[in-house]
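Novice: Got a structure for you, written out below as structure tokens; questions coming shortly.
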Amino acid sequence: MPEFQHSPGMRDILPPDSGRWRQFQAVFAQVVEAAGYGEVMPPLMEDLGVFQRVGEATDVVTKEMYDFTDRGGRHVSLRPECTASVCRIFAQHRPITPWKVFYAGPNFRYEKPQRGRFRQFDQVGIEVLGADDPYLDVEVIALAWEFYQRLGLRQVKLLLNSLGELDDRTRYEASLAEYFNDNLERLSPESRITLTKNPLRVLDSKRAGDAAVLADAPRIASFYGADAAANFEAVQQGLTDLGIPFTIDTALVRGLDYYRRTTFEFQGGTLDSAQNALGGGGRYDGLVESLGGPATHGIGFALGLDRTLLACDDEGVFGAPNKTVDVFVVDTTGGQEALRITAQLRAAGISADRAFENRSMKSQMKGADRSGAPLAIIVGSNELEAGYVVIRPLRGEDVQRSVARDTLISEVIKALQTAPKEATQ
């Protein structure tokens, strides 16, 4: 057993899984950049107060943040989510609105590790600040839906709700508090504690003992004013126009306190019901203002990488890339020629690897076979002296041939064009 291992809830991502992560983020970037979103890169660490604005009653703030005092005496935290950071960036730099941005990267929460949940976890997401339009809500949701489709997922379910305007939500919270207090003995001990902080959070409970009392709880739709009702209807109609299926879930409140009006969640149909949320988001008017900026409308989402990849595994889509190099160089003359050839190939856009430590021809050919490359370039003393190299196919039945050293690049390109397709994927 080695002296040091990664910390609990953390993990090491090795090839080829690391390539899958990069490809995941690349596909997401392609989807959202096509809609005019630019990448923003928030710092991993912020002043603690930035994240306290997400809601003093949330688990993120009360018990999950990695916060500490740095050497300058500042109380800081590793970011547990990105929306608050993006809003802080907006409040500080005041970009032109509507400000459409996306992000990708790790967040940190001190919570119990479980399948699809780690203390360091990656998300991708978008935020739009400075626009108030139900069709923007539709665009945001549609981009997440398109991303899942690009990954090949077909068993994703979209849940949709609206928390109404601030006054609607305030009246709803008061009604919930009254109802839950009238049924206090039916609530689990954990939900009773949550009730003292925020009645809405009780609706998040997945405990079997709370199911009956939650089923009879008041629903937000009964508290919508005319504006909230019209807004929610426009969002639903927009999604219908785009052919995006959804289910209204009147108990959907999400896990943070800053949401207003549209809220949504994507669930993986193959995952356990208690841990099936792939991601979600909503409108959070008021968050920028709470961070010292102007009153600013906002909407966005964050999608979890780990659970989404679990859903991909279950559906047999978006596997780890089987990335191989195009060429493996075998050099039995000391290695300097392999150095030159690999540099020349890479400069021409041809991926190439080689052996080191001046190993035997047999050993180097084993390495060539393990590399998955469709072609080997072989250089021995005879070839070096005569000014040519040998191109040997490593897959299929083609025979090797000698080519002049100064025609190497063009000959390799031609050879790769006829190489078996399965060897170059």
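Please note that chains go A, B, ... in the order of the structure tokens, that every chain numbers its residues from 1, and that ligands are numbered from 1 in the order shown.
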For segment 226-239 of chain A, work out the shell of residues within 12 Å, counting only C-alpha atoms and skipping chain neighbours fewer than 5 positions away, then give it as a ChimeraX atom specification.
Specialist: /A:132-143,145,158-169,220-221,244-248,260-264,282-283
Novice: Write the selection just made, keeping C-alpha atoms, as a JSON list (two decimals), in the first residue's frame?
Specialist:
```json
[["chain", "number", "residue", "atom", "x", "y", "z"],
["A", 132, "ASP", "CA", -36.17, 38.79, -18.80],
["A", 133, "ASP", "CA", -38.00, 36.80, -21.44],
["A", 134, "PRO", "CA", -39.78, 33.44, -21.14],
["A", 135, "TYR", "CA", -38.35, 32.44, -24.51],
["A", 136, "LEU", "CA", -34.86, 32.85, -23.07],
["A", 137, "ASP", "CA", -35.90, 30.34, -20.42],
["A", 138, "VAL", "CA", -36.91, 28.04, -23.27],
["A", 139, "GLU", "CA", -33.56, 28.55, -25.04],
["A", 140, "VAL", "CA", -31.63, 27.70, -21.89],
["A", 141, "ILE", "CA", -33.60, 24.51, -21.27],
["A", 142, "ALA", "CA", -33.41, 23.55, -24.95],
["A", 143, "LEU", "CA", -29.60, 23.83, -24.98],
["A", 145, "TRP", "CA", -31.77, 19.03, -23.89],
["A", 158, "LEU", "CA", -37.37, 16.95, -18.02],
["A", 159, "LEU", "CA", -39.25, 18.15, -14.94],
["A", 160, "LEU", "CA", -40.60, 21.70, -15.01],
["A", 161, "ASN", "CA", -42.07, 24.06, -12.45],
["A", 162, "SER", "CA", -42.42, 27.73, -11.64],
["A", 163, "LEU", "CA", -41.92, 29.27, -8.21],
["A", 164, "GLY", "CA", -43.86, 32.34, -9.30],
["A", 165, "GLU", "CA", -42.92, 35.91, -8.52],
["A", 166, "LEU", "CA", -41.32, 36.82, -5.20],
["A", 167, "ASP", "CA", -44.68, 37.74, -3.62],
["A", 168, "ASP", "CA", -46.19, 34.45, -4.86],
["A", 169, "ARG", "CA", -43.32, 32.50, -3.37],
["A", 220, "ILE", "CA", -47.30, 26.60, -5.75],
["A", 221, "ALA", "CA", -49.65, 26.80, -8.76],
["A", 244, "ILE", "CA", -39.18, 18.96, -26.09],
["A", 245, "PRO", "CA", -41.27, 16.73, -23.78],
["A", 246, "PHE", "CA", -41.65, 17.78, -20.14],
["A", 247, "THR", "CA", -43.55, 16.87, -17.00],
["A", 248, "ILE", "CA", -44.91, 19.48, -14.59],
["A", 260, "ARG", "CA", -37.67, 32.56, -8.99],
["A", 261, "ARG", "CA", -40.26, 31.56, -11.59],
["A", 262, "THR", "CA", -38.91, 28.87, -13.97],
["A", 263, "THR", "CA", -37.20, 25.90, -12.34],
["A", 264, "PHE", "CA", -36.30, 22.65, -14.06],
["A", 282, "GLY", "CA", -33.81, 28.02, -13.15],
["A", 283, "ARG", "CA", -34.31, 31.76, -12.98]]
```
Novice: What's around Gln364 of chain A at 9 Å? Count only C-alpha atoms, leave out sequence neighbours fewer than 2 positions away in its own chain, and write the answer as an mmCIF file with C-alpha atoms, in the first residue's frame.
Specialist:
```
data_model
loop_
_atom_site.group_PDB
_atom_site.id
_atom_site.type_symbol
_atom_site.label_atom_id
_atom_site.label_comp_id
_atom_site.auth_asym_id
_atom_site.auth_seq_id
_atom_site.Cartn_x
_atom_site.Cartn_y
_atom_site.Cartn_z
ATOM 1 C CA VAL A 329 8.387 4.771 -34.950
ATOM 2 C CA VAL A 330 10.812 1.884 -34.429
ATOM 3 C CA ASP A 331 14.465 2.937 -34.474
ATOM 4 C CA THR A 332 17.316 0.487 -33.838
ATOM 5 C CA ARG A 354 8.131 5.880 -30.314
ATOM 6 C CA ALA A 355 10.109 3.597 -28.045
ATOM 7 C CA PHE A 356 12.891 4.776 -25.756
ATOM 8 C CA ASN A 358 17.354 1.829 -27.313
ATOM 9 C CA ARG A 359 15.380 -1.386 -26.914
ATOM 10 C CA SER A 360 15.594 -4.353 -29.269
ATOM 11 C CA MET A 361 13.621 -4.566 -32.497
ATOM 12 C CA LYS A 362 11.370 -7.230 -30.952
ATOM 13 C CA LYS A 366 5.635 -5.100 -29.215
ATOM 14 C CA GLY A 367 5.313 -1.498 -28.164
ATOM 15 C CA ALA A 368 4.107 -0.582 -31.651
ATOM 16 C CA ASP A 369 1.414 -3.240 -31.484
#
```
Novice: If you count only C-alpha atoms, which residues fall within 12 Å of Asp398 of chain A, apart from same-chain ones fewer than 2 positions away, as a list of chain:residue names?
Specialist: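 Within the cut-off, the hits are A:Pro374, A:Leu375, A:Ile391, A:Arg392, A:Pro393, A:Leu394, A:Arg395, A:Gly396, A:Gln400, A:Arg401, A:Ala415, A:Leu416, A:Thr418, A:Ala419, A:Pro420.
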Novice: Could the residues in this selection be saved with C-alpha atoms as a compact mmCIF listing (two decimals), in the first residue's frame?
Specialist:
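Below is the file that was written, selection.txt:
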```
# COMPACT_ATOMS: atom_id res chain seq x y z
CA PRO A 374 -2.12 1.29 -37.83
CA LEU A 375 1.40 1.93 -39.13
CA ILE A 391 6.45 1.54 -43.64
CA ARG A 392 4.87 -1.58 -42.15
CA PRO A 393 1.08 -1.86 -41.68
CA LEU A 394 0.29 -3.24 -38.23
CA ARG A 395 -3.30 -4.19 -39.06
CA GLY A 396 -4.70 -6.03 -42.05
CA GLN A 400 5.63 -3.53 -45.78
CA ARG A 401 7.45 -1.31 -48.28
CA ALA A 415 -0.83 4.69 -46.20
CA LEU A 416 -3.13 6.05 -43.48
CA THR A 418 -5.95 2.93 -46.87
CA ALA A 419 -5.38 1.64 -43.32
CA PRO A 420 -8.21 -0.40 -41.73
```
Novice: Here is a test: counting only C-alpha atoms, which residue of A:Pro15, A:Gly130, A:Gly105, A:Gly116 is nearest to Pro294 of chain A?
Specialist: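 Among the listed residues, A:Gly130 lies closest to Pro294 of chain A.
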Novice: Which neighbours of segment 180-187 of chain A fall inside 12 Å, counting only C-alpha atoms, when residues of the same chain fewer than 6 positions from it are skipped, and could you give them as JSON, numbers by chain?
Specialist: {"A": [173, 174, 193, 194, 195, 196, 198, 199, 200, 201, 202, 203, 205, 206, 207, 208, 209, 210, 211, 212, 213, 214, 215, 216, 217, 218]}
Novice: Those same residues, written as a short mmCIF file (atom, residue, chain, number, x, y, z; two decimals), in the first residue's frame with C-alpha atoms?
Specialist:
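To be explicit, this is the file written out as result_28.cif:
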```cif
data_model
loop_
_atom_site.label_atom_id
_atom_site.label_comp_id
_atom_site.auth_asym_id
_atom_site.auth_seq_id
_atom_site.Cartn_x
_atom_site.Cartn_y
_atom_site.Cartn_z
CA GLU A 173 -43.84 29.59 1.90
CA ALA A 174 -46.19 30.89 4.59
CA ILE A 193 -35.13 20.75 11.42
CA THR A 194 -35.34 21.84 7.78
CA LEU A 195 -38.76 23.36 8.42
CA THR A 196 -37.29 25.80 10.95
CA ASN A 198 -36.94 27.04 5.03
CA PRO A 199 -40.31 25.32 4.43
CA LEU A 200 -39.54 24.94 0.70
CA ARG A 201 -36.57 22.72 1.46
CA VAL A 202 -38.90 20.18 3.09
CA LEU A 203 -40.29 19.45 -0.38
CA SER A 205 -37.06 15.26 1.10
CA LYS A 206 -36.68 11.81 -0.45
CA ARG A 207 -37.35 10.02 2.84
CA ALA A 208 -40.10 7.42 2.68
CA GLY A 209 -41.57 8.61 5.98
CA ASP A 210 -42.20 12.07 4.56
CA ALA A 211 -43.93 10.91 1.37
CA ALA A 212 -47.48 10.93 2.71
CA VAL A 213 -47.37 14.41 4.22
CA LEU A 214 -45.61 15.83 1.14
CA ALA A 215 -48.29 14.38 -1.14
CA ASP A 216 -50.97 16.50 0.54
CA ALA A 217 -48.91 19.68 0.83
CA PRO A 218 -50.12 22.89 -0.87
#
```
Novice: Please identify all polymer residues within 9 Å of Thr342 of chain A, counting only C-alpha atoms, omitting same-chain residues fewer than 6 positions from it, and present them as a list in words.
Specialist: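 Counting only C-alpha atoms, the residues come to Val327, Phe328, Val329, Ile350, Ser351, Ala352, Asp353 and Arg354 of chain A.
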Novice: Any chance you can output those residues with N, CA and C atoms as a PDB file, in the first residue's frame?
Specialist:
```
ATOM      1  N   VAL A 327       0.995   6.670 -36.005  1.00  0.00           N
ATOM      2  CA  VAL A 327       2.246   6.006 -36.402  1.00  0.00           C
ATOM      3  C   VAL A 327       3.082   5.721 -35.158  1.00  0.00           C
ATOM      4  N   PHE A 328       3.725   4.568 -35.163  1.00  0.00           N
ATOM      5  CA  PHE A 328       4.708   4.247 -34.119  1.00  0.00           C
ATOM      6  C   PHE A 328       6.058   4.072 -34.806  1.00  0.00           C
ATOM      7  N   VAL A 329       7.062   4.796 -34.324  1.00  0.00           N
ATOM      8  CA  VAL A 329       8.387   4.771 -34.950  1.00  0.00           C
ATOM      9  C   VAL A 329       9.291   3.798 -34.210  1.00  0.00           C
ATOM     10  N   ILE A 350       0.329  14.590 -37.978  1.00  0.00           N
ATOM     11  CA  ILE A 350       0.200  13.133 -37.852  1.00  0.00           C
ATOM     12  C   ILE A 350       0.664  12.747 -36.453  1.00  0.00           C
ATOM     13  N   SER A 351      -0.214  12.141 -35.663  1.00  0.00           N
ATOM     14  CA  SER A 351       0.179  11.763 -34.308  1.00  0.00           C
ATOM     15  C   SER A 351       1.158  10.599 -34.356  1.00  0.00           C
ATOM     16  N   ALA A 352       2.154  10.652 -33.500  1.00  0.00           N
ATOM     17  CA  ALA A 352       3.223   9.648 -33.549  1.00  0.00           C
ATOM     18  C   ALA A 352       3.800   9.410 -32.169  1.00  0.00           C
ATOM     19  N   ASP A 353       4.185   8.171 -31.918  1.00  0.00           N
ATOM     20  CA  ASP A 353       4.864   7.795 -30.681  1.00  0.00           C
ATOM     21  C   ASP A 353       6.088   6.959 -31.052  1.00  0.00           C
ATOM     22  N   ARG A 354       6.894   6.621 -30.068  1.00  0.00           N
ATOM     23  CA  ARG A 354       8.131   5.880 -30.314  1.00  0.00           C
ATOM     24  C   ARG A 354       8.555   5.146 -29.055  1.00  0.00           C
TER      25      ARG A 354
END
```
Novice: Using only C-alpha atoms, which of the listed residues (A:Gly72, A:Gly9, A:Pro106, A:Gly300) sits closest to Arg119 of chain A?
Specialist: A:Gly9
Novice: Looking at A:Leu78, A:Tyr103, A:Ser191, A:Leu176, which one is nearest to Arg219 of chain A, with distances taken over only C-alpha atoms?
Specialist: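 That would be A:Leu176, the residue with the smallest distance to Arg219 of chain A.
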Novice: Please list as a PDB file with N, CA and C atoms, in the first residue's frame every residue within 8 Å of segment 109-114 of chain A, counting only C-alpha atoms and excluding residues in the same chain fewer than 5 positions away.
Specialist:
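Final file, selection.pdb:
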```pdb
ATOM      1  N   PRO A   8     -10.560  11.086   0.875  1.00  0.00           N
ATOM      2  CA  PRO A   8     -11.916  10.532   0.734  1.00  0.00           C
ATOM      3  C   PRO A   8     -12.812  11.461  -0.081  1.00  0.00           C
ATOM      4  N   GLY A   9     -13.575  10.872  -0.975  1.00  0.00           N
ATOM      5  CA  GLY A   9     -14.463  11.662  -1.808  1.00  0.00           C
ATOM      6  C   GLY A   9     -13.805  12.280  -3.020  1.00  0.00           C
ATOM      7  N   VAL A  60     -25.562  23.424   1.318  1.00  0.00           N
ATOM      8  CA  VAL A  60     -24.300  23.908   0.749  1.00  0.00           C
ATOM      9  C   VAL A  60     -23.636  24.899   1.692  1.00  0.00           C
ATOM     10  N   LYS A  63     -23.277  23.195   5.852  1.00  0.00           N
ATOM     11  CA  LYS A  63     -22.412  22.089   6.255  1.00  0.00           C
ATOM     12  C   LYS A  63     -21.558  21.480   5.154  1.00  0.00           C
ATOM     13  N   GLU A  64     -21.613  22.014   3.944  1.00  0.00           N
ATOM     14  CA  GLU A  64     -20.902  21.355   2.851  1.00  0.00           C
ATOM     15  C   GLU A  64     -19.717  22.136   2.295  1.00  0.00           C
ATOM     16  N   MET A  65     -19.557  23.387   2.658  1.00  0.00           N
ATOM     17  CA  MET A  65     -18.493  24.181   2.046  1.00  0.00           C
ATOM     18  C   MET A  65     -17.129  23.885   2.656  1.00  0.00           C
ATOM     19  N   TYR A  66     -16.118  23.877   1.794  1.00  0.00           N
ATOM     20  CA  TYR A  66     -14.728  23.819   2.229  1.00  0.00           C
ATOM     21  C   TYR A  66     -14.272  25.259   2.463  1.00  0.00           C
ATOM     22  N   PRO A  80     -18.465  25.825  -4.173  1.00  0.00           N
ATOM     23  CA  PRO A  80     -19.360  24.662  -4.170  1.00  0.00           C
ATOM     24  C   PRO A  80     -20.274  24.638  -5.396  1.00  0.00           C
ATOM     25  N   ARG A 119     -16.770  14.537  -3.531  1.00  0.00           N
ATOM     26  CA  ARG A 119     -16.535  15.825  -2.878  1.00  0.00           C
ATOM     27  C   ARG A 119     -15.889  16.825  -3.832  1.00  0.00           C
ATOM     28  N   GLN A 120     -15.151  16.345  -4.792  1.00  0.00           N
ATOM     29  CA  GLN A 120     -14.747  17.173  -5.923  1.00  0.00           C
ATOM     30  C   GLN A 120     -15.494  16.642  -7.140  1.00  0.00           C
TER      31      GLN A 120
END
```
Novice: Could you give me, as a compact mmCIF listing (two decimals) with N, CA and C atoms, in the first residue's frame, each residue of segment 96-139 of chain A that DSSP assigns to alpha helix (DSSP H) when run on this structure's backbone?
Specialist:
```txt
# COMPACT_ATOMS: atom_id res chain seq x y z
N PRO A 134 -39.51 34.87 -21.30
CA PRO A 134 -39.78 33.44 -21.14
C PRO A 134 -39.15 32.60 -22.25
N TYR A 135 -38.96 33.20 -23.43
CA TYR A 135 -38.35 32.44 -24.51
C TYR A 135 -36.85 32.25 -24.30
N LEU A 136 -36.24 33.11 -23.48
CA LEU A 136 -34.86 32.85 -23.07
C LEU A 136 -34.82 31.64 -22.15
N ASP A 137 -35.81 31.53 -21.26
CA ASP A 137 -35.90 30.34 -20.42
C ASP A 137 -35.98 29.09 -21.29
N VAL A 138 -36.77 29.18 -22.35
CA VAL A 138 -36.91 28.04 -23.27
C VAL A 138 -35.58 27.74 -23.94
N GLU A 139 -34.86 28.77 -24.39
CA GLU A 139 -33.56 28.55 -25.04
C GLU A 139 -32.60 27.83 -24.10
```
Novice: Leaving out Ala131 of chain A and any residue of its chain fewer than 5 positions from it, which residues lie within 9 Å of it when counting only C-alpha atoms, given as a list in words?
Specialist: Thr97, Pro98, Trp99, Leu136, Thr296, His297, Gly298 and Ile299 of chain A
Novice: For the selection just defined, write its residues with N, CA and C atoms to a file, as a short mmCIF file (atom, residue, chain, number, x, y, z; two decimals), in the first residue's frame.
Specialist:
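Below is the file again.cif, written as the result:
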```cif
data_model
loop_
_atom_site.label_atom_id
_atom_site.label_comp_id
_atom_site.auth_asym_id
_atom_site.auth_seq_id
_atom_site.Cartn_x
_atom_site.Cartn_y
_atom_site.Cartn_z
N THR A 97 -25.13 43.61 -21.45
CA THR A 97 -26.20 42.59 -21.35
C THR A 97 -26.95 42.50 -22.68
N PRO A 98 -27.58 41.38 -22.97
CA PRO A 98 -27.56 40.15 -22.16
C PRO A 98 -26.19 39.48 -22.22
N TRP A 99 -25.72 39.05 -21.07
CA TRP A 99 -24.41 38.40 -20.95
C TRP A 99 -24.62 36.91 -20.93
N LEU A 136 -36.24 33.11 -23.48
CA LEU A 136 -34.86 32.85 -23.07
C LEU A 136 -34.82 31.64 -22.15
N THR A 296 -30.64 42.61 -11.53
CA THR A 296 -30.34 41.96 -12.81
C THR A 296 -31.08 40.63 -12.90
N HIS A 297 -31.80 40.44 -14.00
CA HIS A 297 -32.44 39.16 -14.24
C HIS A 297 -31.37 38.13 -14.60
N GLY A 298 -31.61 36.88 -14.19
CA GLY A 298 -30.65 35.82 -14.52
C GLY A 298 -31.33 34.47 -14.63
N ILE A 299 -30.75 33.62 -15.46
CA ILE A 299 -31.22 32.25 -15.58
C ILE A 299 -30.04 31.39 -16.03
#
```
Novice: Smallest atom-to-atom distance to Cys312 of chain A: which of A:Leu242, A:Leu271, A:Val124, A:Thr407, using only C-alpha atoms?
Specialist: A:Leu271
